[in-house]
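Novice: This structure is in structure tokens; I'll ask about it shortly.
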Amino acid sequence: MIQSVDRAIRVLTALQGARRMTLSELAARLELPPSTVHGIVRTLVGHGMVVQEHGSSRYQLGPAVLRLGNVYLDTLELRSKAIPWAEDLARRTGFAVRTGVLLLEDVVIIHHEPRPDGSRQMPEVGIVIPAHASALGKAMLAFLDDEEAGRVLGSARLRSMTGETVTSREELREQLAVVARTGVATEEDEAVIGECALAGAVFDATGAVAGAIGVVVPSAAWPLDAAAQGAVREAARAISRELGAPAWPPR
């Protein structure tokens, strides 16, 4: 591993999590000398990956990160296949729809289909949710082999997002066993109070997990009726089929 590259990525990751940080805060977070962090940050600023907040000593991610993210999204076959099914799922259920992929121990939203009621909604592409606290994450984790699951969650602390977040590995394993049988995962107020979700994993031509798609449901409208649950399963199955998956869920 090249140390300078590793440190630069750690700076970007820290800014992604904290949004805005001073050089001293970055140095403390990364446990690096301030002079080292200053050099890395100035280099990232020169490439547009980091910008200094106007009138402040704080730094934040820059526009070049967005350009790279858009290029990544454009190359994702999963996203292109999922978009029409996400639109259909939102129309059939009346709920917002998220499509996500695993990134280490988190889920990154690669497509967000807003509720079709015309209400004002914040775009969610790029948001990160702990895998263990989301239906999307659980849907994917259930179909990883033991080695892969260990890499995702083995060293990660199952941090509590709300009072309902599952932080017990044993309880999480029990939930994932159910997901492996049914093909769909749920979460109730585990990432955000007042928000529940149902999601199904999506598989590629090798039968491996490619991502997941699911609906975001206000707690007042939970649990979902059978028709909405069936629509989520149908969307996950259809996208998997378009990606060449031999079966959904894998046997």
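Simple scheme: letters A, B, ... for chains in structure tokens order, numbers from 1 for residues in each chain, numbers from 1 for ligands in the order shown.
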Would you pick out the contacts of stretch 135-144 of chain A at 7 Å or less, using only C-alpha atoms, so that residues sharing its chain but fewer than 2 positions from it are not included, and give the list as a list in words?
Specialist: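 Returned residues: Gly100, Val107, Ala131, His132, Asp146, Glu148, Ala149, Leu176, Ala177, Val179, Ala180, Val184, Ala185, Thr186, Glu187, Ala197, Leu198, Ala199, Gly200, Ala201, Val209, Gly211, Ala212, Ile213 and Gly214 of chain A.
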Novice: Determine, counting only C-alpha atoms, which protein, DNA and RNA residues have an atom within 6 Å of an atom of stretch 53-61 of chain A; residues of the same chain fewer than 5 positions away are not included. Present the result as a compact mmCIF listing (two decimals) with N, CA, C and O atoms, in the first residue's frame.
Specialist:
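Written file, around.txt:
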```txt
# COMPACT_ATOMS: atom_id res chain seq x y z
N LEU A 15 -13.67 13.63 5.60
CA LEU A 15 -14.51 14.74 5.19
C LEU A 15 -15.88 14.26 4.76
O LEU A 15 -16.88 14.97 4.95
N ARG A 19 -18.32 16.10 6.96
CA ARG A 19 -18.73 17.22 6.10
C ARG A 19 -17.71 18.34 6.07
O ARG A 19 -17.19 18.66 5.02
N ARG A 20 -17.41 18.96 7.20
CA ARG A 20 -16.47 20.09 7.23
C ARG A 20 -15.54 19.93 8.42
O ARG A 20 -16.00 19.69 9.54
N MET A 21 -14.24 20.09 8.18
CA MET A 21 -13.26 19.94 9.25
C MET A 21 -12.10 20.90 9.04
O MET A 21 -11.74 21.22 7.89
N THR A 22 -11.50 21.34 10.13
CA THR A 22 -10.28 22.14 10.06
C THR A 22 -9.08 21.20 9.91
O THR A 22 -9.20 19.98 10.11
```
Novice: Could you pull the residues within 12 Å of A:Thr13, counting only C-alpha atoms, minus those fewer than 4 positions along the same chain, as a ChimeraX atom specification?
Specialist: /A:6-9,17-21,26,29-30,49-50,60-61,65,128
Novice: Name the residues of stretch 89-172 of chain A that fall into alpha helix (DSSP H) according to DSSP on the backbone, using the chain letters and numbers of this document, as JSON, numbers by chain.
Specialist: {"A": [89, 90, 91, 92, 93, 135, 136, 137, 138, 139, 140, 141, 146, 147, 148, 149, 150, 151, 152, 153, 169, 170, 171, 172]}
Novice: Env of A:Val125: 6 Å cut, atoms = only C-alpha atoms, seq-sep filter 3 positions within chain, self excluded. Answer as a PDB file with all heavy atoms, in the first residue's frame.
Specialist:
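Final output, around-v3.pdb:
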```pdb
ATOM      1  N   ILE A 109     -26.366   4.592  -1.661  1.00  0.00           N
ATOM      2  CA  ILE A 109     -27.525   4.694  -2.538  1.00  0.00           C
ATOM      3  C   ILE A 109     -27.073   5.162  -3.926  1.00  0.00           C
ATOM      4  O   ILE A 109     -26.485   6.239  -4.065  1.00  0.00           O
ATOM      5  CB  ILE A 109     -28.567   5.680  -1.968  1.00  0.00           C
ATOM      6  CG1 ILE A 109     -28.965   5.285  -0.545  1.00  0.00           C
ATOM      7  CG2 ILE A 109     -29.788   5.736  -2.885  1.00  0.00           C
ATOM      8  CD1 ILE A 109     -29.464   3.875  -0.397  1.00  0.00           C
ATOM      9  N   ILE A 110     -27.344   4.343  -4.945  1.00  0.00           N
ATOM     10  CA  ILE A 110     -26.935   4.684  -6.308  1.00  0.00           C
ATOM     11  C   ILE A 110     -28.099   5.191  -7.155  1.00  0.00           C
ATOM     12  O   ILE A 110     -27.895   5.749  -8.232  1.00  0.00           O
ATOM     13  CB  ILE A 110     -26.268   3.481  -7.008  1.00  0.00           C
ATOM     14  CG1 ILE A 110     -27.236   2.310  -7.118  1.00  0.00           C
ATOM     15  CG2 ILE A 110     -24.988   3.074  -6.268  1.00  0.00           C
ATOM     16  CD1 ILE A 110     -26.738   1.189  -7.996  1.00  0.00           C
ATOM     17  N   HIS A 111     -29.326   4.969  -6.673  1.00  0.00           N
ATOM     18  CA  HIS A 111     -30.497   5.544  -7.357  1.00  0.00           C
ATOM     19  C   HIS A 111     -31.598   5.759  -6.333  1.00  0.00           C
ATOM     20  O   HIS A 111     -31.825   4.921  -5.454  1.00  0.00           O
ATOM     21  CB  HIS A 111     -31.010   4.642  -8.476  1.00  0.00           C
ATOM     22  CG  HIS A 111     -32.222   5.208  -9.165  1.00  0.00           C
ATOM     23  ND1 HIS A 111     -32.160   6.352  -9.931  1.00  0.00           N
ATOM     24  CD2 HIS A 111     -33.524   4.822  -9.159  1.00  0.00           C
ATOM     25  CE1 HIS A 111     -33.380   6.635 -10.390  1.00  0.00           C
ATOM     26  NE2 HIS A 111     -34.218   5.731  -9.938  1.00  0.00           N
ATOM     27  N   HIS A 112     -32.264   6.898  -6.455  1.00  0.00           N
ATOM     28  CA  HIS A 112     -33.381   7.228  -5.563  1.00  0.00           C
ATOM     29  C   HIS A 112     -34.562   7.657  -6.413  1.00  0.00           C
ATOM     30  O   HIS A 112     -34.468   8.623  -7.174  1.00  0.00           O
ATOM     31  CB  HIS A 112     -32.971   8.368  -4.604  1.00  0.00           C
ATOM     32  CG  HIS A 112     -34.108   8.909  -3.811  1.00  0.00           C
ATOM     33  ND1 HIS A 112     -34.409  10.260  -3.741  1.00  0.00           N
ATOM     34  CD2 HIS A 112     -35.041   8.286  -3.041  1.00  0.00           C
ATOM     35  CE1 HIS A 112     -35.457  10.439  -2.970  1.00  0.00           C
ATOM     36  NE2 HIS A 112     -35.860   9.268  -2.532  1.00  0.00           N
TER      37      HIS A 112
END
```
Novice: Rank A:Pro249, A:Ala236, A:Val108, A:Glu147 by their smallest atom-to-atom distance to A:Val215, using only C-alpha atoms, and report the top residue only.
Specialist: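 Once distances to A:Val215 are computed over only C-alpha atoms, the minimum belongs to A:Ala236.
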Novice: Of the residues A:Pro84, A:Pro63, A:Gly194, A:Gly163, which is the one nearest to A:Gly48, using only C-alpha atoms?
Specialist: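 Once distances to A:Gly48 are computed over only C-alpha atoms, the minimum belongs to A:Pro63.
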Novice: Excluding stretch 229-231 of chain A and its own-chain neighbours fewer than 4 positions away, which residues fall within 8 Å of it when counting only C-alpha atoms? Please give them as number ranges by chain.
Specialist: A: 89, 92-93, 198, 224-225, 235
Novice: Would you list the contacts of A:Met122 as a ChimeraX atom specification, taking every protein, DNA or RNA residue within 12 Å and counting only C-alpha atoms, but skipping same-chain residues closer than 5 positions in sequence?
Specialist: /A:96,112-115,127
Novice: Could you turn the residues from that selection into a file that holds C-alpha atoms, as an mmCIF file, in the first residue's frame?
Specialist:
```cif
data_model
loop_
_atom_site.group_PDB
_atom_site.id
_atom_site.type_symbol
_atom_site.label_atom_id
_atom_site.label_comp_id
_atom_site.auth_asym_id
_atom_site.auth_seq_id
_atom_site.Cartn_x
_atom_site.Cartn_y
_atom_site.Cartn_z
ATOM 1 C CA ALA A 96 -39.930 6.216 -2.413
ATOM 2 C CA HIS A 112 -33.381 7.228 -5.563
ATOM 3 C CA GLU A 113 -36.880 7.271 -6.994
ATOM 4 C CA PRO A 114 -38.969 9.840 -5.080
ATOM 5 C CA ARG A 115 -42.506 9.236 -3.878
ATOM 6 C CA ILE A 127 -26.051 8.876 0.939
#
```
Novice: Please compute the atom CA of A:Ile40-atom CA of A:Arg67 distance, one decimal, in Å.
Specialist: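 Between atom CA of A:Ile40 and atom CA of A:Arg67 the gap works out to 20.2 Å.
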